[in-house]
$ cat work-v2.csv   # CSV, C-alpha atoms and all ligand atoms
chain,number,residue,atom,x,y,z
V,1,MET,CA,164.2,222.3,-52.9
V,2,SER,CA,161.1,220.1,-53.5
V,3,SER,CA,157.8,221.6,-52.3
V,4,LEU,CA,156.4,218.0,-51.9
V,5,ARG,CA,156.0,216.4,-48.5
V,6,PRO,CA,158.7,213.7,-47.9
V,7,ILE,CA,158.0,210.0,-47.5
V,8,GLU,CA,160.0,207.7,-45.3
V,9,ILE,CA,160.1,204.0,-46.1
V,10,VAL,CA,161.2,201.4,-43.5
V,11,GLY,CA,162.4,198.2,-45.2
V,12,GLY,CA,164.2,197.9,-48.5
V,13,GLY,CA,162.8,194.7,-50.0
V,14,LEU,CA,160.8,194.6,-53.2
V,15,ALA,CA,157.9,196.6,-51.8
V,16,GLY,CA,160.0,199.4,-50.3
V,17,LEU,CA,162.5,199.7,-53.1
V,18,SER,CA,159.9,199.7,-56.0
V,19,LEU,CA,157.7,202.2,-54.1
V,20,GLY,CA,160.7,204.4,-53.4
V,21,LEU,CA,161.8,204.4,-57.0
V,22,ALA,CA,158.4,205.2,-58.3
V,23,LEU,CA,158.0,208.1,-55.9
V,24,ARG,CA,161.4,209.4,-56.8
V,25,ARG,CA,160.4,209.4,-60.5
V,26,GLU,CA,157.6,211.9,-59.4
V,27,ASN,CA,160.3,214.0,-57.6
V,28,VAL,CA,159.0,213.1,-54.1
V,29,PRO,CA,161.8,213.2,-51.5
V,30,VAL,CA,162.3,209.7,-50.1
V,31,VAL,CA,164.4,208.3,-47.3
V,32,LEU,CA,164.6,204.5,-47.2
V,33,HIS,CA,166.0,202.6,-44.2
V,34,GLU,CA,167.2,199.1,-44.8
V,35,ALA,CA,168.5,196.9,-42.0
V,36,GLY,CA,170.7,194.9,-44.3
V,37,ARG,CA,172.8,195.8,-47.4
V,38,TYR,CA,173.0,194.9,-51.1
V,39,PRO,CA,173.5,192.5,-52.8
V,40,ARG,CA,172.4,189.7,-50.4
V,41,HIS,CA,170.8,186.4,-50.7
V,42,ARG,CA,167.3,185.9,-49.2
V,43,VAL,CA,165.0,183.0,-48.4
V,44,CYS,CA,162.8,183.1,-51.5
V,45,GLY,CA,161.9,180.6,-54.2
V,46,GLU,CA,162.7,183.3,-56.8
V,47,PHE,CA,159.9,182.6,-59.2
V,48,ILE,CA,157.3,185.3,-59.8
V,49,THR,CA,153.8,184.5,-60.8
V,50,GLY,CA,151.0,186.9,-61.6
V,51,LEU,CA,153.1,190.0,-62.3
V,52,ASP,CA,151.4,191.6,-65.3
V,53,ALA,CA,152.7,194.0,-67.9
V,54,GLY,CA,150.7,196.9,-66.5
V,55,THR,CA,152.4,196.7,-63.1
V,56,ILE,CA,155.8,196.3,-64.7
V,57,ALA,CA,155.2,199.4,-66.9
V,58,ARG,CA,153.7,201.6,-64.1
V,59,LEU,CA,156.6,200.8,-61.7
V,60,GLY,CA,159.2,201.0,-64.5
V,61,LEU,CA,160.5,197.5,-63.7
V,62,GLN,CA,161.2,196.3,-67.2
V,63,PRO,CA,165.0,197.0,-67.2
V,64,PHE,CA,165.4,195.0,-63.9
V,65,LEU,CA,163.5,192.0,-65.2
V,66,ALA,CA,164.7,192.0,-68.8
V,67,ASP,CA,167.0,188.9,-68.3
V,68,ALA,CA,164.6,187.0,-66.1
V,69,LEU,CA,163.9,183.4,-67.2
V,70,GLN,CA,160.4,182.5,-68.3
V,71,HIS,CA,159.0,179.4,-66.8
V,72,ARG,CA,156.0,178.2,-68.8
V,73,GLU,CA,155.3,174.9,-67.0
V,74,VAL,CA,155.6,173.5,-63.5
V,75,GLU,CA,156.2,169.8,-62.8
V,76,TRP,CA,154.6,168.5,-59.5
V,77,PHE,CA,156.1,165.7,-57.5
V,78,LEU,CA,154.6,163.8,-54.6
V,79,GLY,CA,157.6,162.3,-52.7
V,80,ASP,CA,159.9,161.0,-55.4
V,81,GLN,CA,157.1,160.5,-58.0
V,82,SER,CA,156.2,162.9,-60.7
V,83,VAL,CA,152.5,163.6,-60.6
V,84,ARG,CA,151.8,166.1,-63.3
V,85,THR,CA,153.2,168.8,-65.5
V,86,GLN,CA,151.0,171.8,-65.6
V,87,ARG,CA,151.1,174.7,-68.0
V,88,LEU,CA,151.0,178.1,-66.2
V,89,PRO,CA,148.4,180.6,-67.4
V,90,GLN,CA,151.2,183.1,-67.9
V,91,PRO,CA,155.0,182.5,-67.7
V,92,ALA,CA,156.5,182.8,-64.2
V,93,LEU,CA,159.7,184.8,-64.0
V,94,GLY,CA,162.9,183.4,-62.7
V,95,LEU,CA,165.5,185.8,-61.2
V,96,SER,CA,167.5,185.8,-58.0
V,97,ARG,CA,166.8,188.3,-55.2
V,98,TYR,CA,170.6,188.8,-55.1
V,99,ALA,CA,170.3,190.5,-58.5
V,100,LEU,CA,166.8,192.0,-58.3
V,101,ASP,CA,167.1,193.8,-55.0
V,102,ALA,CA,170.5,195.2,-55.8
V,103,ARG,CA,169.4,196.5,-59.2
V,104,LEU,CA,166.4,198.2,-57.6
V,105,ALA,CA,168.5,199.7,-54.8
V,106,GLU,CA,171.0,201.1,-57.4
V,107,ALA,CA,168.2,202.6,-59.5
V,108,PHE,CA,166.7,204.2,-56.4
V,109,VAL,CA,169.9,205.9,-55.5
V,110,ALA,CA,170.5,206.9,-59.1
V,111,ALA,CA,167.0,208.5,-59.1
V,112,GLY,CA,168.0,210.7,-56.1
V,113,GLY,CA,166.7,208.5,-53.3
V,114,ASP,CA,168.3,208.6,-49.9
V,115,LEU,CA,169.1,205.0,-49.2
V,116,ARG,CA,170.4,204.3,-45.7
V,117,VAL,CA,171.7,200.7,-45.5
V,118,GLN,CA,172.4,198.9,-42.2
V,119,SER,CA,169.9,201.2,-40.7
V,120,ARG,CA,167.5,199.2,-38.6
V,121,LEU,CA,164.7,201.3,-37.1
V,122,ALA,CA,164.0,199.8,-33.7
V,123,ASP,CA,160.3,199.2,-33.3
V,124,PRO,CA,159.2,201.6,-36.1
V,125,THR,CA,155.7,202.9,-35.2
V,126,PRO,CA,153.3,204.3,-37.9
V,127,GLN,CA,153.4,208.0,-38.3
V,128,PRO,CA,152.4,210.5,-41.0
V,129,GLY,CA,154.6,210.1,-44.1
V,130,ARG,CA,156.0,206.7,-43.0
V,131,ILE,CA,155.4,203.5,-44.9
V,132,LEU,CA,156.4,200.1,-43.3
V,133,SER,CA,157.6,197.5,-45.7
V,134,THR,CA,159.6,195.5,-43.2
V,135,GLY,CA,158.7,192.1,-44.5
V,136,ARG,CA,157.1,189.1,-42.9
V,137,ARG,CA,155.9,189.4,-39.3
V,138,ARG,CA,157.7,186.8,-37.2
V,139,CYS,CA,155.7,184.4,-35.1
V,140,HIS,CA,158.0,182.6,-32.7
V,141,ARG,CA,155.5,179.9,-32.0
V,142,SER,CA,155.2,178.9,-35.7
V,143,PRO,CA,156.9,175.5,-36.4
V,144,TRP,CA,157.5,176.5,-40.1
V,145,MET,CA,161.0,177.5,-41.4
V,146,GLY,CA,162.3,178.4,-44.8
V,147,LEU,CA,165.6,177.2,-46.3
V,148,LYS,CA,167.2,178.2,-49.6
V,149,LEU,CA,170.4,177.4,-51.5
V,150,HIS,CA,171.6,177.9,-55.1
V,151,ALA,CA,172.9,174.9,-56.9
V,152,ILE,CA,175.1,175.3,-60.0
V,153,ALA,CA,174.0,173.4,-63.1
V,154,LEU,CA,171.7,171.1,-61.2
V,155,PRO,CA,170.0,168.8,-63.6
V,156,VAL,CA,166.2,169.6,-63.6
V,157,HIS,CA,163.2,167.9,-65.2
V,158,ARG,CA,161.6,171.4,-65.8
V,159,SER,CA,162.8,174.9,-65.2
V,160,LEU,CA,160.2,175.0,-62.4
V,161,GLU,CA,159.5,172.0,-60.1
V,162,LEU,CA,157.4,171.7,-56.9
V,163,HIS,CA,158.1,168.7,-54.7
V,164,LEU,CA,155.7,167.8,-51.9
V,165,GLY,CA,157.3,166.0,-48.9
V,166,GLU,CA,156.1,165.1,-45.4
V,167,ASN,CA,155.2,168.4,-43.8
V,168,ALA,CA,157.3,170.2,-46.3
V,169,TYR,CA,157.3,171.5,-49.9
V,170,VAL,CA,160.3,172.5,-52.0
V,171,GLY,CA,160.5,174.5,-55.2
V,172,LEU,CA,163.3,174.3,-57.8
V,173,SER,CA,163.5,177.4,-60.0
V,174,ARG,CA,166.1,178.1,-62.6
V,175,VAL,CA,167.5,181.6,-62.2
V,176,GLU,CA,170.3,183.5,-64.1
V,177,GLY,CA,173.8,182.2,-64.5
V,178,ASP,CA,173.1,178.5,-64.7
V,179,ARG,CA,171.9,178.5,-61.1
V,180,VAL,CA,168.9,176.6,-59.7
V,181,ASN,CA,167.3,178.0,-56.6
V,182,VAL,CA,166.3,175.2,-54.2
V,183,CYS,CA,163.9,176.6,-51.6
V,184,GLY,CA,161.6,174.9,-49.2
V,185,LEU,CA,159.1,175.4,-46.4
V,186,PHE,CA,159.6,172.8,-43.7
V,187,ARG,CA,158.2,171.9,-40.3
V,188,ARG,CA,161.1,172.3,-37.9
V,189,ARG,CA,162.8,169.0,-36.8
V,190,GLU,CA,165.9,168.3,-34.7
V,191,LEU,CA,168.5,167.4,-37.3
V,192,ALA,CA,172.3,167.1,-36.8
V,193,ALA,CA,173.5,169.2,-39.8
V,194,LYS,CA,174.7,172.7,-40.3
V,195,ASN,CA,174.4,175.5,-43.0
V,196,GLY,CA,173.9,174.2,-46.5
V,197,GLU,CA,174.0,170.6,-45.4
V,198,ILE,CA,170.9,171.1,-43.3
V,199,LEU,CA,168.8,171.5,-46.5
V,200,LEU,CA,170.0,168.1,-47.7
V,201,ALA,CA,169.2,166.6,-44.3
V,202,TYR,CA,165.7,168.1,-44.4
V,203,LEU,CA,165.1,166.8,-47.9
V,204,GLN,CA,166.0,163.3,-46.7
V,205,ALA,CA,163.9,163.6,-43.6
V,206,CYS,CA,160.8,164.6,-45.4
V,207,GLY,CA,161.0,161.8,-48.0
V,208,LEU,CA,162.4,163.7,-50.9
V,209,SER,CA,165.3,161.2,-51.4
V,210,ASP,CA,165.7,161.6,-55.2
V,211,LEU,CA,165.9,165.4,-54.9
V,212,ALA,CA,168.4,165.1,-52.0
V,213,ALA,CA,170.6,162.8,-54.1
V,214,ARG,CA,170.4,165.2,-57.1
V,215,LEU,CA,171.3,168.1,-54.9
V,216,GLY,CA,174.0,166.1,-53.1
V,217,GLN,CA,175.8,165.5,-56.4
V,218,ALA,CA,175.6,169.1,-57.6
V,219,ALA,CA,177.9,172.0,-56.9
V,220,ARG,CA,176.4,174.3,-54.4
V,221,ASP,CA,177.1,178.0,-53.6
V,222,PRO,CA,177.6,178.1,-49.8
V,223,ASP,CA,177.2,181.9,-49.7
V,224,SER,CA,173.7,181.6,-51.1
V,225,PHE,CA,172.5,179.5,-48.1
V,226,SER,CA,169.8,181.4,-46.1
V,227,ALA,CA,167.3,180.3,-43.5
V,228,VAL,CA,164.4,181.8,-41.7
V,229,ALA,CA,162.4,180.5,-38.7
V,230,GLY,CA,159.0,181.4,-37.4
V,231,VAL,CA,157.3,181.7,-40.8
V,232,ALA,CA,153.6,182.3,-40.4
V,233,PHE,CA,150.9,183.2,-42.9
V,234,ASP,CA,148.2,185.8,-42.3
V,235,PRO,CA,145.4,185.6,-44.8
V,236,ARG,CA,144.1,189.1,-44.0
V,237,VAL,CA,145.4,192.5,-45.0
V,238,SER,CA,146.6,194.0,-41.7
V,239,SER,CA,144.2,196.6,-40.4
V,240,ASP,CA,146.1,197.5,-37.2
V,241,ALA,CA,148.9,199.2,-39.2
V,242,PRO,CA,147.3,200.9,-42.1
V,243,ALA,CA,150.5,202.1,-43.8
V,244,THR,CA,152.1,198.7,-44.5
V,245,LEU,CA,153.0,197.1,-47.8
V,246,GLY,CA,154.3,193.7,-49.0
V,247,ASP,CA,154.6,190.9,-46.4
V,248,ALA,CA,154.3,193.3,-43.6
V,249,CYS,CA,150.7,193.9,-44.8
V,250,ALA,CA,149.8,190.3,-45.7
V,251,MET,CA,151.7,187.1,-46.5
V,252,ILE,CA,150.5,184.6,-49.1
V,253,PRO,CA,151.9,181.0,-48.8
V,254,PRO,CA,155.1,180.7,-50.9
V,255,PHE,CA,153.9,177.8,-53.1
V,256,THR,CA,151.9,180.4,-55.1
V,257,GLY,CA,155.1,182.2,-56.1
V,258,ASN,CA,153.0,185.4,-55.7
V,259,GLY,CA,154.5,187.2,-52.7
V,260,MET,CA,156.9,189.2,-54.9
V,261,ALA,CA,154.2,190.2,-57.3
V,262,MET,CA,152.0,191.3,-54.3
V,263,ALA,CA,154.9,193.4,-53.0
V,264,PHE,CA,155.1,195.1,-56.4
V,265,GLN,CA,151.4,195.4,-56.8
V,266,GLY,CA,151.1,196.9,-53.3
V,267,ALA,CA,153.7,199.6,-54.2
V,268,GLU,CA,151.7,200.3,-57.4
V,269,LEU,CA,148.5,200.7,-55.4
V,270,ALA,CA,150.2,202.9,-52.9
V,271,LEU,CA,151.5,205.3,-55.5
V,272,ALA,CA,148.4,207.4,-56.2
V,273,PRO,CA,147.4,208.0,-52.5
V,274,LEU,CA,151.0,208.7,-51.5
V,275,LEU,CA,151.4,211.2,-54.3
V,276,GLY,CA,148.1,212.8,-53.2
V,277,TYR,CA,149.6,213.1,-49.7
V,278,ALA,CA,153.0,214.4,-51.0
V,279,ARG,CA,151.2,217.1,-53.0
V,280,GLY,CA,149.1,218.2,-50.1
V,281,GLU,CA,145.9,217.0,-51.7
V,282,LEU,CA,145.2,214.2,-49.2
V,283,SER,CA,145.7,214.0,-45.5
V,284,TRP,CA,147.8,211.1,-44.2
V,285,ASP,CA,144.8,209.4,-42.8
V,286,ALA,CA,142.8,209.7,-46.0
V,287,ALA,CA,145.8,208.3,-48.0
V,288,CYS,CA,146.1,205.3,-45.7
V,289,THR,CA,142.4,204.6,-45.8
V,290,ARG,CA,142.4,204.5,-49.5
V,291,LEU,CA,145.5,202.4,-49.6
V,292,GLN,CA,144.0,199.8,-47.2
V,293,ARG,CA,140.8,199.7,-49.2
V,294,ASP,CA,142.6,199.0,-52.4
V,295,LEU,CA,145.0,196.4,-50.9
V,296,ARG,CA,142.0,194.6,-49.4
V,297,ARG,CA,140.0,194.7,-52.7
V,298,ASN,CA,143.0,193.4,-54.7
V,299,PHE,CA,144.3,190.7,-52.4
V,300,ARG,CA,141.4,189.3,-50.4
V,301,VAL,CA,140.3,186.5,-52.7
V,302,ARG,CA,143.7,185.3,-53.5
V,303,LEU,CA,144.8,185.3,-49.9
V,304,ALA,CA,141.7,183.3,-48.9
V,305,SER,CA,142.1,180.8,-51.7
V,306,ALA,CA,145.8,180.2,-51.1
V,307,GLU,CA,145.1,179.7,-47.4
V,308,LEU,CA,142.4,177.1,-48.1
V,309,LEU,CA,144.8,175.1,-50.4
V,310,HIS,CA,148.0,175.4,-48.3
V,311,PRO,CA,147.4,172.5,-45.9
V,312,PHE,CA,146.9,170.2,-49.0
V,313,LEU,CA,150.5,170.8,-49.9
V,314,LEU,CA,151.9,170.1,-46.5
V,315,GLN,CA,150.1,167.2,-44.9
V,316,PRO,CA,150.5,163.7,-46.3
V,317,PRO,CA,146.8,162.5,-46.3
V,318,ARG,CA,145.7,165.8,-47.9
V,319,GLN,CA,148.7,165.7,-50.3
V,320,ARG,CA,147.5,162.3,-51.6
V,321,TRP,CA,144.0,163.7,-52.1
V,322,LEU,CA,145.5,166.6,-54.0
V,323,SER,CA,147.6,164.3,-56.0
V,324,ALA,CA,144.6,162.2,-57.0
V,325,LEU,CA,142.8,165.3,-58.1
V,326,THR,CA,145.9,166.4,-60.0
V,327,ARG,CA,146.1,163.1,-61.9
V,328,SER,CA,142.4,163.3,-62.8
V,329,ARG,CA,143.0,166.9,-64.0
V,330,LEU,CA,140.6,168.4,-61.5
V,331,LEU,CA,143.5,170.3,-60.2
V,332,PRO,CA,142.3,173.2,-58.0
V,333,LEU,CA,145.7,174.9,-58.5
V,334,ARG,CA,144.9,176.2,-62.0
V,335,PRO,CA,142.0,178.4,-60.8
V,336,LEU,CA,144.3,179.6,-58.1
V,337,TYR,CA,147.0,180.6,-60.5
V,338,THR,CA,144.4,182.3,-62.6
V,339,LEU,CA,143.2,184.3,-59.5
V,340,LEU,CA,146.7,185.6,-58.9
V,341,HIS,CA,146.6,187.8,-61.9
V,401,LIG,C1,160.2,179.9,-47.9
V,401,LIG,C2,159.8,181.0,-48.7
V,401,LIG,C3,159.8,180.9,-50.1
V,401,LIG,C4,159.2,182.0,-50.9
V,401,LIG,N1,159.2,181.8,-52.3
V,401,LIG,C5,158.7,182.8,-53.0
V,401,LIG,C6,158.6,182.7,-54.5
V,401,LIG,O1,159.1,181.7,-55.1
V,401,LIG,N2,158.0,183.7,-55.2
V,401,LIG,C7,157.5,184.8,-54.6
V,401,LIG,O2,156.9,185.6,-55.3
V,401,LIG,N3,157.5,184.9,-53.2
V,401,LIG,C8,158.1,184.0,-52.5
V,401,LIG,N4,158.2,184.2,-51.1
V,401,LIG,C9,157.6,185.4,-50.5
V,401,LIG,C10,158.5,186.6,-50.9
V,401,LIG,O3,159.9,186.4,-50.5
V,401,LIG,C11,158.0,187.8,-50.1
V,401,LIG,O4,156.6,187.9,-50.4
V,401,LIG,C12,158.6,189.1,-50.6
V,401,LIG,O5,160.0,189.1,-50.3
V,401,LIG,C13,158.0,190.3,-49.9
V,401,LIG,O6,158.7,191.5,-50.1
V,401,LIG,P1,158.8,192.6,-49.0
V,401,LIG,O7,159.4,193.8,-49.7
V,401,LIG,O8,157.4,192.8,-48.4
V,401,LIG,O9,159.6,192.1,-47.9
V,401,LIG,P2,161.2,191.6,-47.8
V,401,LIG,O10,161.7,191.3,-49.2
V,401,LIG,O11,161.3,190.6,-46.8
V,401,LIG,O12,161.9,192.9,-47.4
V,401,LIG,C14,161.8,193.5,-46.1
V,401,LIG,C15,163.0,194.3,-45.8
V,401,LIG,O13,162.8,195.1,-44.6
V,401,LIG,C16,164.0,195.1,-43.9
V,401,LIG,N5,163.7,195.5,-42.5
V,401,LIG,C17,162.9,194.7,-41.6
V,401,LIG,N6,162.7,195.4,-40.5
V,401,LIG,C18,163.4,196.6,-40.6
V,401,LIG,C19,163.6,197.7,-39.7
V,401,LIG,N7,163.1,197.7,-38.5
V,401,LIG,N8,164.4,198.7,-40.2
V,401,LIG,C20,164.9,198.7,-41.4
V,401,LIG,N9,164.7,197.7,-42.3
V,401,LIG,C21,164.0,196.6,-41.9
V,401,LIG,C22,164.6,193.7,-44.0
V,401,LIG,O14,166.0,193.7,-43.9
V,401,LIG,C23,164.2,193.4,-45.5
V,401,LIG,O15,165.3,193.7,-46.4
V,401,LIG,C24,158.7,183.1,-50.3
V,401,LIG,C25,158.7,183.3,-48.9
V,401,LIG,C26,159.3,182.2,-48.1
V,401,LIG,C27,159.3,182.3,-46.6
$ encode --input "work-v2.csv" --output "structure tokens" --more "lines below"
Ligand SMILES: Cc1cc2nc3c(=O)[nH]c(=O)nc-3n(C[C@H](O)[C@H](O)[C@H](O)COP(=O)(O)OP(=O)(O)OC[C@H]3O[C@@H](n4cnc5c(N)ncnc54)[C@H](O)[C@@H]3O)c2cc1C
Amino acid sequence: MSSLRPIEIVGGGLAGLSLGLALRRENVPVVLHEAGRYPRHRVCGEFITGLDAGTIARLGLQPFLADALQHREVEWFLGDQSVRTQRLPQPALGLSRYALDARLAEAFVAAGGDLRVQSRLADPTPQPGRILSTGRRRCHRSPWMGLKLHAIALPVHRSLELHLGENAYVGLSRVEGDRVNVCGLFRRRELAAKNGEILLAYLQACGLSDLAARLGQAARDPDSFSAVAGVAFDPRVSSDAPATLGDACAMIPPFTGNGMAMAFQGAELALAPLLGYARGELSWDAACTRLQRDLRRNFRVRLASAELLHPFLLQPPRQRWLSALTRSRLLPLRPLYTLLH
């Protein structure tokens, strides 16, 4: 029997699973509750920016990312018009959540983790030894919704594309198996369409007709369709619940492709204080204080910068301004992508 104090993780997305796995490698007893099961599709653009080799090595993620595609450039579109192709400071990784989450879950179990799927903890409150990685906080008043679908062998201009529409933006990211993830953030509208067809209807409605036509002609995997409503972005690291990680702690706008890296980086930052707690060297309060301080230090600037830029990707007058800057190569996105590392 382990003499280490146990850790309970609520939420088996990337933050919870990678933390659970890293703790298991140090022999800490871990119970992980996940409301859903694996594999499963999720609303996510499925490209990862800003995940560096240090984090990959410290969390032992290399085997799970080995076949991820490497996107070196991103092509920006305003409406149906290509505006600019931008080289990324470091390649973004393209891999589906369907594959990635399932691989991590399997490794967690193989490492001796106690994974309880279809186990939703009703209203999980913070308590010693419990980490909340329950994903984005819902805001019912938010008009923003996310839609995602995999298209098979969809012709693309680049392996990563970002399309700005009216009160919407949509990413195309190639992932494994000749699939292209089509995922967008849209202001909610009343549209008469259902399931996968609703994504096509939204593309049309927000002025992305070329993309809608391209997607309309491609084979689509209906099982991959996922949707989420009430998406909100909080630019601050949550201080009311000190033991939170990933989106539950702070959510960066999706256009950055940095939410998944932040989930992993949060797990990496949590490792030392949680090991201190498990070994009896730190009280729970001291471990949480240290975790919060490190999360704030690491994420504050990127959250604030992304929040500042976000309206420029969504609102037509600001999109035109952004597009003009982009054409004149004064693109404020490059410094942002550099900040994400
Ligand atoms: C439209 C959109 C596009 C995006 N595109 C990208 C992108 O291209 N690149 C990128 O890096 N990021 C992207 N993101 C963000 C990214 O998906 C998240 O940042 C990332 O998934 C956060 O991981 P997480 O582990 O914190 O949460 P999640 O992956 O959401 O996992 C949380 C888990 O907790 C479980 N759970 C919740 N409540 C309970 C409970 N009470 N009991 C038990 N289990 C519970 C849920 O079932 C879920 O599995 C996008 C987000 C949106 C909305």
$ closest_atom_pairs --input "work-v2.csv" --of "chain V" --to "ligand LIG 401 (chain V)" --cutoff "7 Å" --atoms "only C-alpha atoms and all ligand atoms" --output "CSV"
residue,atom,partner,partner_atom,distance
V:Val10,CA,V:LIG401,C20,5.0
V:Gly11,CA,V:LIG401,O13,3.2
V:Gly12,CA,V:LIG401,C15,4.7
V:Gly13,CA,V:LIG401,O12,3.3
V:Leu14,CA,V:LIG401,O7,3.9
V:Ala15,CA,V:LIG401,O7,3.8
V:Gly16,CA,V:LIG401,O7,5.7
V:His33,CA,V:LIG401,C20,4.9
V:Glu34,CA,V:LIG401,N9,3.8
V:Ala35,CA,V:LIG401,N9,3.9
V:Gly36,CA,V:LIG401,O14,4.9
V:Val43,CA,V:LIG401,C2,5.6
V:Cys44,CA,V:LIG401,C4,3.8
V:Gly45,CA,V:LIG401,O1,3.1
V:Glu46,CA,V:LIG401,O1,4.3
V:Phe47,CA,V:LIG401,O1,4.3
V:Ile48,CA,V:LIG401,O2,4.5
V:Thr49,CA,V:LIG401,O2,6.4
V:Ser119,CA,V:LIG401,C20,5.6
V:Arg120,CA,V:LIG401,N8,3.5
V:Leu121,CA,V:LIG401,N8,4.1
V:Ala122,CA,V:LIG401,N7,5.3
V:Asp123,CA,V:LIG401,N7,6.1
V:Pro124,CA,V:LIG401,N7,6.0
V:Ser133,CA,V:LIG401,O8,5.4
V:Thr134,CA,V:LIG401,O13,3.5
V:Gly135,CA,V:LIG401,O9,3.5
V:Arg136,CA,V:LIG401,O11,5.9
V:Met145,CA,V:LIG401,C1,7.0
V:Gly146,CA,V:LIG401,C1,4.0
V:Leu147,CA,V:LIG401,C1,6.2
V:Cys183,CA,V:LIG401,C3,6.1
V:Gly184,CA,V:LIG401,C1,5.4
V:Leu185,CA,V:LIG401,C1,4.9
V:Val231,CA,V:LIG401,C27,6.2
V:Leu245,CA,V:LIG401,O8,6.2
V:Gly246,CA,V:LIG401,O8,3.3
V:Asp247,CA,V:LIG401,O8,3.9
V:Ala248,CA,V:LIG401,O8,5.7
V:Met251,CA,V:LIG401,O4,6.3
V:Pro254,CA,V:LIG401,C4,4.3
V:Phe255,CA,V:LIG401,N1,6.7
V:Thr256,CA,V:LIG401,N2,6.9
V:Gly257,CA,V:LIG401,N2,3.4
V:Asn258,CA,V:LIG401,O2,3.9
V:Gly259,CA,V:LIG401,O4,3.2
V:Met260,CA,V:LIG401,O2,3.6
V:Ala261,CA,V:LIG401,O2,5.7
V:Met262,CA,V:LIG401,O4,6.9
V:Ala263,CA,V:LIG401,O6,5.1
$ atom_distance --input "work-v2.csv" --atom1 "CA of Pro39 (chain V)" --atom2 "CA of Leu69 (chain V)"
19.6 Å
$ closest_atom_pairs --input "work-v2.csv" --of "region 168-269 of chain V" --to "region 73-85 of chain V" --cutoff "7 Å" --atoms "all atoms listed in the file" --output "tab-separated table"
residue	atom	partner	partner_atom	distance
V:Gly207	CA	V:Gly79	CA	5.8
V:Leu208	CA	V:Gly79	CA	5.3
V:Ser209	CA	V:Asp80	CA	6.7
V:Asp210	CA	V:Asp80	CA	5.8
$ atom_distance --input "work-v2.csv" --atom1 "CA of Thr289 (chain V)" --atom2 "CA of Pro242 (chain V)"
7.2 Å
$ residues_around --input "work-v2.csv" --residues "Leu115 (chain V)" --least-positions-apart "5" --cutoff "10 Å" --atoms "all atoms listed in the file" --output "list of chain:residue names"
V:Ile9, V:Gly12, V:Leu17, V:Gly20, V:Val30, V:Val31, V:Leu32, V:His33, V:Glu34, V:Ala105, V:Glu106, V:Phe108, V:Val109
$ closest_residue --input "work-v2.csv" --among "V:Ala99, V:Leu313, V:Ala250, V:Leu291" --to "Arg137 (chain V)" --atoms "only C-alpha atoms"
V:Ala250
$ closest_residue --input "work-v2.csv" --among "V:Pro91, V:Pro253, V:Gly196, V:Pro63" --to "Phe225 (chain V)" --atoms "only C-alpha atoms"
V:Gly196
$ closest_residue --input "work-v2.csv" --among "V:Pro126, V:Pro311, V:Pro155, V:Gly60" --to "Gln217 (chain V)" --atoms "all atoms listed in the file"
V:Pro155
$ residues_around --input "work-v2.csv" --residues "Ala212 (chain V)" --least-positions-apart "4" --cutoff "10 Å" --atoms "only C-alpha atoms" --output "list in words"
Leu199, Leu200, Ala201, Tyr202, Leu203, Gln204, Ala205, Gly207, Leu208, Gly216, Gln217 and Ala218 of chain V
$ closest_residue --input "work-v2.csv" --among "V:Phe64, V:Pro128, V:Gly54, V:Arg189" --to "Glu166 (chain V)" --atoms "only C-alpha atoms"
V:Arg189
$ closest_residue --input "work-v2.csv" --among "V:Arg188, V:Ala219, V:Ile131, V:Ala168" --to "Ile152 (chain V)" --atoms "only C-alpha atoms"
V:Ala219
$ atom_distance --input "work-v2.csv" --atom1 "CA of Leu93 (chain V)" --atom2 "CA of Arg42 (chain V)"
16.7 Å
$ residues_around --input "work-v2.csv" --residues "region 284-287 of chain V" --least-positions-apart "4" --cutoff "8 Å" --atoms "only C-alpha atoms" --output "list in words"
Pro128, Gly129, Pro273, Leu274, Gly276, Tyr277 and Leu291 of chain V
$ closest_residue --input "work-v2.csv" --among "V:Asp221, V:Leu314, V:Arg187, V:Tyr98" --to "Ala153 (chain V)" --atoms "all atoms listed in the file"
V:Asp221
$ residues_around --input "work-v2.csv" --residues "Ala111 (chain V)" --least-positions-apart "5" --cutoff "7 Å" --atoms "all atoms listed in the file" --output "list in words"
Leu21, Arg24 and Arg25 of chain V
